[in-house]
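Visitor: Dropping in run-v9.pdb, with PDB, C-alpha atoms.
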MODEL        1
ATOM      1  CA  MET A 137      -1.815  12.759 -37.685
ATOM      2  CA  LEU A 138      -4.631  11.714 -35.372
ATOM      3  CA  PRO A 139      -6.452  14.591 -33.647
ATOM      4  CA  ARG A 140      -6.441  14.678 -29.869
ATOM      5  CA  VAL A 141      -9.693  13.265 -28.475
ATOM      6  CA  LEU A 142     -10.164  14.185 -24.834
ATOM      7  CA  GLU A 143     -11.273  11.613 -22.293
ATOM      8  CA  PRO A 144     -12.804  12.376 -18.873
ATOM      9  CA  GLU A 145     -10.351  14.323 -16.736
ATOM     10  CA  VAL A 146     -11.237  12.321 -13.630
ATOM     11  CA  MET A 147     -11.573   8.528 -13.715
ATOM     12  CA  ASP A 148     -13.914   8.439 -10.749
ATOM     13  CA  SER A 149     -16.087   5.366 -10.833
ATOM     14  CA  ALA A 150     -15.645   2.196  -8.829
ATOM     15  CA  GLU A 151     -15.402   0.163 -12.056
ATOM     16  CA  GLU A 152     -12.674   2.366 -13.520
ATOM     17  CA  ALA A 153     -10.655   2.286 -10.298
ATOM     18  CA  ARG A 154     -11.012  -1.475  -9.984
ATOM     19  CA  ASP A 155     -10.163  -2.193 -13.623
ATOM     20  CA  TYR A 156      -7.253   0.247 -13.659
ATOM     21  CA  ASP A 157      -5.768  -1.254 -10.510
ATOM     22  CA  ALA A 158      -6.211  -4.781 -11.860
ATOM     23  CA  MET A 159      -4.280  -4.074 -15.073
ATOM     24  CA  ASP A 160      -0.704  -5.325 -15.056
ATOM     25  CA  HIS A 161       1.329  -2.153 -14.554
ATOM     26  CA  ALA A 162       4.052  -3.865 -12.515
ATOM     27  CA  GLN A 163       6.855  -3.822 -15.085
ATOM     28  CA  VAL A 164       6.050  -0.306 -16.295
ATOM     29  CA  ASN A 165       5.976   0.938 -12.698
ATOM     30  CA  ARG A 166       9.292  -0.734 -11.830
ATOM     31  CA  VAL A 167      10.907   0.890 -14.844
ATOM     32  CA  PHE A 168       9.400   4.287 -14.009
ATOM     33  CA  VAL A 169      10.719   4.145 -10.435
ATOM     34  CA  ALA A 170      14.144   2.873 -11.484
ATOM     35  CA  ASP A 171      14.422   5.687 -14.056
ATOM     36  CA  PHE A 172      13.281   8.270 -11.518
ATOM     37  CA  LEU A 173      15.808   7.051  -8.939
ATOM     38  CA  ALA A 174      18.553   7.160 -11.559
ATOM     39  CA  PHE A 175      17.689  10.842 -12.059
ATOM     40  CA  PHE A 176      17.041  11.798  -8.419
ATOM     41  CA  ALA A 177      18.401  10.174  -5.262
ATOM     42  CA  PRO A 178      16.157  10.888  -2.250
ATOM     43  CA  ARG A 179      17.878  11.851   0.983
ATOM     44  CA  ALA A 180      16.544  11.353   4.476
ATOM     45  CA  GLY A 181      14.049  14.120   5.180
ATOM     46  CA  ASP A 182      13.190  14.799   1.542
ATOM     47  CA  VAL A 183       9.477  14.922   0.780
ATOM     48  CA  LEU A 184       8.490  13.940  -2.745
ATOM     49  CA  LEU A 185       5.217  14.627  -4.550
ATOM     50  CA  ASP A 186       3.399  12.168  -6.814
ATOM     51  CA  VAL A 187       0.854  14.029  -8.949
ATOM     52  CA  GLY A 188      -2.010  11.862 -10.189
ATOM     53  CA  THR A 189      -1.153   8.852  -8.071
ATOM     54  CA  GLY A 190      -4.185   6.809  -9.109
ATOM     55  CA  THR A 191      -4.182   3.691  -6.943
ATOM     56  CA  ALA A 192      -0.732   4.524  -5.497
ATOM     57  CA  GLN A 193       1.125   1.756  -7.284
ATOM     58  CA  ILE A 194       4.125   3.957  -8.103
ATOM     59  CA  PRO A 195       4.747   5.413  -4.617
ATOM     60  CA  ILE A 196       4.465   1.891  -3.227
ATOM     61  CA  GLU A 197       7.066   0.680  -5.724
ATOM     62  CA  LEU A 198       9.240   3.690  -4.888
ATOM     63  CA  CYS A 199       9.146   2.869  -1.188
ATOM     64  CA  ARG A 200      10.087  -0.719  -2.013
ATOM     65  CA  GLN A 201      13.092   0.406  -4.053
ATOM     66  CA  ASN A 202      14.233   3.221  -1.743
ATOM     67  CA  ALA A 203      14.451   3.017   2.038
ATOM     68  CA  VAL A 204      14.091   6.735   2.832
ATOM     69  CA  ALA A 205      11.481   7.992   0.366
ATOM     70  CA  GLN A 206       8.605   9.957   1.912
ATOM     71  CA  VAL A 207       5.793  10.650  -0.554
ATOM     72  CA  ALA A 208       2.835  12.991  -0.653
ATOM     73  CA  ALA A 209       0.565  11.396  -3.273
ATOM     74  CA  VAL A 210      -2.401  13.286  -4.708
ATOM     75  CA  ASP A 211      -5.269  12.491  -7.045
ATOM     76  CA  LEU A 212      -8.644  14.033  -7.833
ATOM     77  CA  ALA A 213     -10.552  10.740  -8.110
ATOM     78  CA  GLU A 214     -11.978   9.572  -4.782
ATOM     79  CA  HIS A 215     -12.601   6.013  -6.011
ATOM     80  CA  MET A 216      -8.949   5.748  -7.046
ATOM     81  CA  LEU A 217      -7.883   7.027  -3.652
ATOM     82  CA  ARG A 218     -10.066   4.485  -1.865
ATOM     83  CA  VAL A 219      -8.243   1.689  -3.669
ATOM     84  CA  ALA A 220      -4.940   3.504  -3.085
ATOM     85  CA  ARG A 221      -5.488   3.641   0.676
ATOM     86  CA  ALA A 222      -6.099  -0.096   0.790
ATOM     87  CA  ASN A 223      -3.031  -0.742  -1.365
ATOM     88  CA  VAL A 224      -0.781   1.441   0.796
ATOM     89  CA  GLU A 225      -2.027  -0.168   3.995
ATOM     90  CA  ARG A 226      -1.579  -3.668   2.571
ATOM     91  CA  ALA A 227       1.968  -2.840   1.448
ATOM     92  CA  GLY A 228       2.887  -1.544   4.918
ATOM     93  CA  PHE A 229       3.807   1.990   3.843
ATOM     94  CA  ALA A 230       1.121   4.039   5.584
ATOM     95  CA  GLU A 231       3.835   5.910   7.522
ATOM     96  CA  ARG A 232       5.704   6.891   4.364
ATOM     97  CA  ILE A 233       2.925   7.600   1.847
ATOM     98  CA  ARG A 234       0.353  10.311   2.571
ATOM     99  CA  LEU A 235      -2.665  10.349   0.266
ATOM    100  CA  GLU A 236      -4.805  13.419  -0.406
ATOM    101  CA  ARG A 237      -7.563  14.405  -2.827
ATOM    102  CA  VAL A 238      -6.127  17.379  -4.717
ATOM    103  CA  ASP A 239      -6.554  18.833  -8.214
ATOM    104  CA  ALA A 240      -3.240  18.811 -10.122
ATOM    105  CA  LYS A 241      -4.167  22.199 -11.604
ATOM    106  CA  GLY A 242      -4.234  23.761  -8.123
ATOM    107  CA  LEU A 243      -1.837  21.974  -5.795
ATOM    108  CA  ARG A 244      -2.340  22.871  -2.149
ATOM    109  CA  ALA A 245       1.318  23.377  -1.289
ATOM    110  CA  GLU A 246       3.583  26.364  -0.883
ATOM    111  CA  ASP A 247       6.148  27.310  -3.511
ATOM    112  CA  GLY A 248       9.237  25.097  -3.459
ATOM    113  CA  ARG A 249       7.773  22.601  -0.985
ATOM    114  CA  PHE A 250       9.092  19.369  -2.536
ATOM    115  CA  ALA A 251      12.603  18.124  -3.249
ATOM    116  CA  ALA A 252      11.244  16.321  -6.304
ATOM    117  CA  VAL A 253       7.941  16.057  -8.133
ATOM    118  CA  PHE A 254       7.070  13.054 -10.262
ATOM    119  CA  SER A 255       4.019  12.063 -12.246
ATOM    120  CA  ASN A 256       3.028   9.169 -14.456
ATOM    121  CA  SER A 257       0.170   9.194 -16.955
ATOM    122  CA  ILE A 258      -1.856  12.143 -15.712
ATOM    123  CA  VAL A 259      -1.043  14.708 -18.411
ATOM    124  CA  HIS A 260      -3.227  13.081 -21.072
ATOM    125  CA  HIS A 261      -6.267  13.354 -18.781
ATOM    126  CA  ILE A 262      -6.049  17.156 -18.564
ATOM    127  CA  PRO A 263      -7.555  19.328 -21.330
ATOM    128  CA  GLU A 264      -5.004  22.123 -20.758
ATOM    129  CA  PRO A 265      -1.960  20.330 -19.280
ATOM    130  CA  THR A 266       0.215  23.449 -19.047
ATOM    131  CA  ARG A 267      -1.674  24.453 -15.878
ATOM    132  CA  ALA A 268      -0.794  21.208 -14.146
ATOM    133  CA  LEU A 269       2.810  21.280 -15.358
ATOM    134  CA  ALA A 270       3.165  24.862 -14.115
ATOM    135  CA  GLU A 271       1.895  23.799 -10.698
ATOM    136  CA  MET A 272       4.429  20.962 -10.588
ATOM    137  CA  VAL A 273       7.184  23.458 -11.351
ATOM    138  CA  ARG A 274       5.903  25.892  -8.725
ATOM    139  CA  VAL A 275       5.963  23.410  -5.855
ATOM    140  CA  THR A 276       9.374  21.972  -6.758
ATOM    141  CA  ALA A 277      12.227  23.353  -4.685
ATOM    142  CA  PRO A 278      14.889  25.436  -6.455
ATOM    143  CA  GLY A 279      17.445  22.908  -7.629
ATOM    144  CA  GLY A 280      14.857  20.153  -7.266
ATOM    145  CA  SER A 281      13.868  17.537  -9.819
ATOM    146  CA  LEU A 282      10.859  17.174 -12.113
ATOM    147  CA  PHE A 283      10.192  13.753 -13.597
ATOM    148  CA  VAL A 284       7.046  13.390 -15.690
ATOM    149  CA  ARG A 285       6.120  10.509 -17.978
ATOM    150  CA  ASP A 286       3.005  10.004 -20.068
ATOM    151  CA  LEU A 287       1.619   8.371 -23.166
ATOM    152  CA  LEU A 288       2.494   9.562 -26.654
ATOM    153  CA  ARG A 289      -0.324   9.974 -29.177
ATOM    154  CA  PRO A 290       0.185   7.686 -32.194
ATOM    155  CA  ASP A 291       0.014   9.012 -35.733
ATOM    156  CA  THR A 292      -2.558   6.533 -37.038
ATOM    157  CA  ASP A 293      -5.503   4.348 -36.032
ATOM    158  CA  ALA A 294      -3.471   1.312 -37.038
ATOM    159  CA  GLU A 295      -0.756   2.254 -34.554
ATOM    160  CA  VAL A 296      -3.336   2.736 -31.782
ATOM    161  CA  LYS A 297      -4.702  -0.730 -32.461
ATOM    162  CA  ARG A 298      -1.210  -2.239 -32.527
ATOM    163  CA  LEU A 299      -0.305  -0.714 -29.168
ATOM    164  CA  VAL A 300      -3.587  -1.804 -27.577
ATOM    165  CA  GLN A 301      -3.114  -5.344 -28.840
ATOM    166  CA  THR A 302       0.541  -5.436 -27.769
ATOM    167  CA  TYR A 303       0.138  -4.031 -24.289
ATOM    168  CA  ALA A 304      -3.500  -4.780 -23.382
ATOM    169  CA  GLY A 305      -4.334  -7.740 -25.586
ATOM    170  CA  ASP A 306      -5.022  -9.961 -22.576
ATOM    171  CA  ALA A 307      -7.082  -7.325 -20.737
ATOM    172  CA  ASN A 308     -10.861  -7.196 -20.621
ATOM    173  CA  ALA A 309     -12.878  -5.061 -23.044
ATOM    174  CA  HIS A 310     -13.208  -2.128 -20.641
ATOM    175  CA  GLN A 311      -9.494  -2.106 -19.890
ATOM    176  CA  ARG A 312      -8.639  -2.183 -23.604
ATOM    177  CA  LYS A 313     -11.021   0.713 -24.236
ATOM    178  CA  MET A 314      -9.452   2.725 -21.414
ATOM    179  CA  PHE A 315      -6.013   2.252 -22.982
ATOM    180  CA  ASP A 316      -7.302   3.089 -26.471
ATOM    181  CA  ASP A 317      -8.984   6.249 -25.153
ATOM    182  CA  SER A 318      -5.824   7.255 -23.288
ATOM    183  CA  LEU A 319      -3.635   6.921 -26.367
ATOM    184  CA  ARG A 320      -6.028   9.140 -28.342
ATOM    185  CA  ALA A 321      -6.092  11.726 -25.538
ATOM    186  CA  ALA A 322      -2.317  11.855 -25.259
ATOM    187  CA  LEU A 323      -0.048  14.584 -26.622
ATOM    188  CA  THR A 324       2.473  14.481 -29.432
ATOM    189  CA  LEU A 325       6.138  15.124 -28.717
ATOM    190  CA  ALA A 326       5.896  18.526 -30.416
ATOM    191  CA  GLU A 327       2.869  19.536 -28.332
ATOM    192  CA  ILE A 328       4.382  18.649 -24.975
ATOM    193  CA  ARG A 329       7.769  20.143 -25.867
ATOM    194  CA  ALA A 330       6.067  23.429 -26.692
ATOM    195  CA  MET A 331       4.412  23.415 -23.259
ATOM    196  CA  VAL A 332       7.704  22.719 -21.497
ATOM    197  CA  GLN A 333       9.329  25.573 -23.406
ATOM    198  CA  THR A 334       6.620  28.031 -22.325
ATOM    199  CA  LEU A 335       7.496  27.131 -18.715
ATOM    200  CA  GLY A 336      11.098  28.184 -19.258
ATOM    201  CA  PHE A 337      12.685  24.763 -19.753
ATOM    202  CA  ASP A 338      14.800  23.447 -22.595
ATOM    203  CA  PRO A 339      12.486  21.352 -24.794
ATOM    204  CA  GLY A 340      15.409  18.951 -25.171
ATOM    205  CA  THR A 341      14.788  17.834 -21.586
ATOM    206  CA  LEU A 342      11.747  16.002 -22.947
ATOM    207  CA  ARG A 343      12.227  12.967 -25.162
ATOM    208  CA  GLN A 344      10.469   9.853 -26.364
ATOM    209  CA  THR A 345      11.511   6.941 -24.154
ATOM    210  CA  THR A 346       9.435   3.991 -25.422
ATOM    211  CA  ASP A 347       7.179   3.264 -28.385
ATOM    212  CA  ARG A 348       4.305   4.761 -26.385
ATOM    213  CA  HIS A 349       5.819   7.137 -23.788
ATOM    214  CA  TRP A 350       7.573  10.460 -23.484
ATOM    215  CA  THR A 351       9.540  11.513 -20.399
ATOM    216  CA  TRP A 352      10.371  14.983 -19.107
ATOM    217  CA  ALA A 353      13.320  14.991 -16.709
ATOM    218  CA  ALA A 354      14.490  18.444 -15.644
ATOM    219  CA  ILE A 355      16.094  20.380 -12.816
ATOM    220  CA  LYS A 356      14.424  23.569 -11.618
ATOM    221  CA  ALA A 357      16.748  26.546 -11.638
ATOM    222  CA  ARG A 358      18.030  27.751  -8.301
TER     223      ARG A 358
ENDMDL
END
Using the file provided, produce a representation of the structure as structure tokens.

Guide:
Amino acid sequence: MLPRVLEPEVMDSAEEARDYDAMDHAQVNRVFVADFLAFFAPRAGDVLLDVGTGTAQIPIELCRQNAVAQVAAVDLAEHMLRVARANVERAGFAERIRLERVDAKGLRAEDGRFAAVFSNSIVHHIPEPTRALAEMVRVTAPGGSLFVRDLLRPDTDAEVKRLVQTYAGDANAHQRKMFDDSLRAALTLAEIRAMVQTLGFDPGTLRQTTDRHWTWAAIKAR
């Protein structure tokens, strides 16, 4: 079993933001949004929270796939948010996506504020992810939905290399290194299930969903 090797919690350089945004996430993002919408159907007036929005590709895709979604999207990296603002404006969703610089470990929202909270690929950036997951739970409304997806740490170096070659083989050297680092910083299924259980949720609500992802889909108790 590979040990977890932490990467910087905040990807906050212009190069990282540019290279991350330039990577081809389109298919992965479409699948994420389709899976989220299959789990939670936004109603008019619902406000949703995207934790760790990066360059806002997922809330943009969500607004494309759903006509009523209103999203508060937060990230701690200012360079990511600069690219995100341009992306949101270009996509024509400035009235439906609100961007804010916020730490996932201390969300600036009252308890139960959001009808649903979703997050993609932020957990592996955080040294102690339980804090961020607990905040997501706190700000979700009773009866609301939590939908979190992230990378799964491979068992071996060979598997890391296979995944990088398969999914980032055409990327530049910096982009491949970012993906390699992220895989090594990710959690195992057992680790993330233990965290979910400490928050009072059935660990069975978290499962492996691709060869490189886990997904937690849960309803907060009323």

Visitor: Applied to this file, what does the PyMOL selection byres ((chain A and resi 179) around 10) return in terms of residues, put as JSON, numbers by chain?

Guide: {"A": [176, 177, 178, 180, 181, 182, 183, 202, 203, 204, 205, 206, 251]}

Visitor: Would you pick out the contacts of region 326-338 of chain A at 7 Å or less, using all atoms listed in the file, so that residues sharing its chain but fewer than 4 positions from it are not included, and give the list as a list in words?

Guide: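 Near region 326-338 of chain A, the qualifying residues are Thr266, Ala270 and Leu342 of chain A.
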
Visitor: Run the PyMOL selection byres ((chain A and resi 307-317) around 8) on the file and write out the hits as JSON, numbers by chain.

Guide: {"A": [141, 143, 155, 156, 159, 296, 297, 300, 304, 305, 306, 318, 319, 320, 321]}

Visitor: What residues come out when you apply the PyMOL selection byres ((chain A and resi 169) around 12) to this file, written as a PyMOL selection string?

Guide: chain A and resi 162-168+170-178+186+193-202+205+254-256+283-285

Visitor: Can you work out the spacing between CA of Val207 (chain A) and CA of Thr324 (chain A) in Å, to one decimal?

Guide: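 Calculated distance between CA of Val207 (chain A) and CA of Thr324 (chain A) is 29.3 Å.
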
Visitor: Work out how far apart CA of Asp247 (chain A) and CA of Thr191 (chain A) are and give it in Å to one decimal.

Guide: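 Taking CA of Asp247 (chain A) as the start and CA of Thr191 (chain A) as the end point, the length is 26.0 Å.
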
Visitor: Interatomic distance between CA of Val253 (chain A) and CA of Thr351 (chain A)?

Guide: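 If I compute the distance from CA of Val253 (chain A) to CA of Thr351 (chain A), I get 13.2 Å.
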
Visitor: Identify the residues within 10 Å of coordinate (10.5, 21.0, -10.7) (same frame as the file), considering only C-alpha atoms, and give the answer as a list in words.

Guide: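 Within the cut-off we find Gly248, Phe250, Ala251, Ala252, Val253, Phe254, Leu269, Ala270, Glu271, Met272, Val273, Arg274, Val275, Thr276, Ala277, Pro278, Gly279, Gly280, Ser281, Leu282, Phe283, Val284, Ala353, Ala354, Ile355, Lys356 and Ala357 of chain A.
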
Visitor: So that I can check the surroundings of Glu145 (chain A), please list as a list in words every protein, DNA and RNA residue that reaches within 10 Å of it, counting all atoms listed in the file and ignoring chain neighbours fewer than 5 positions away.

Guide: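 Non-adjacent residues within range: Leu212, Ala213, Ile258, Val259, His260, His261, Ile262 and Pro263 of chain A.
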
Visitor: With distances taken over all atoms listed in the file, which of A:Glu151, A:Asp291, A:Glu236, A:Asp347 is nearest to Gly188 (chain A)?

Guide: A:Glu236

Visitor: Taking into account only C-alpha atoms, which residue in the set A:Leu288, A:Met137, A:Ala230, A:Ala294 is nearest to Leu325 (chain A)?

Guide: A:Leu288
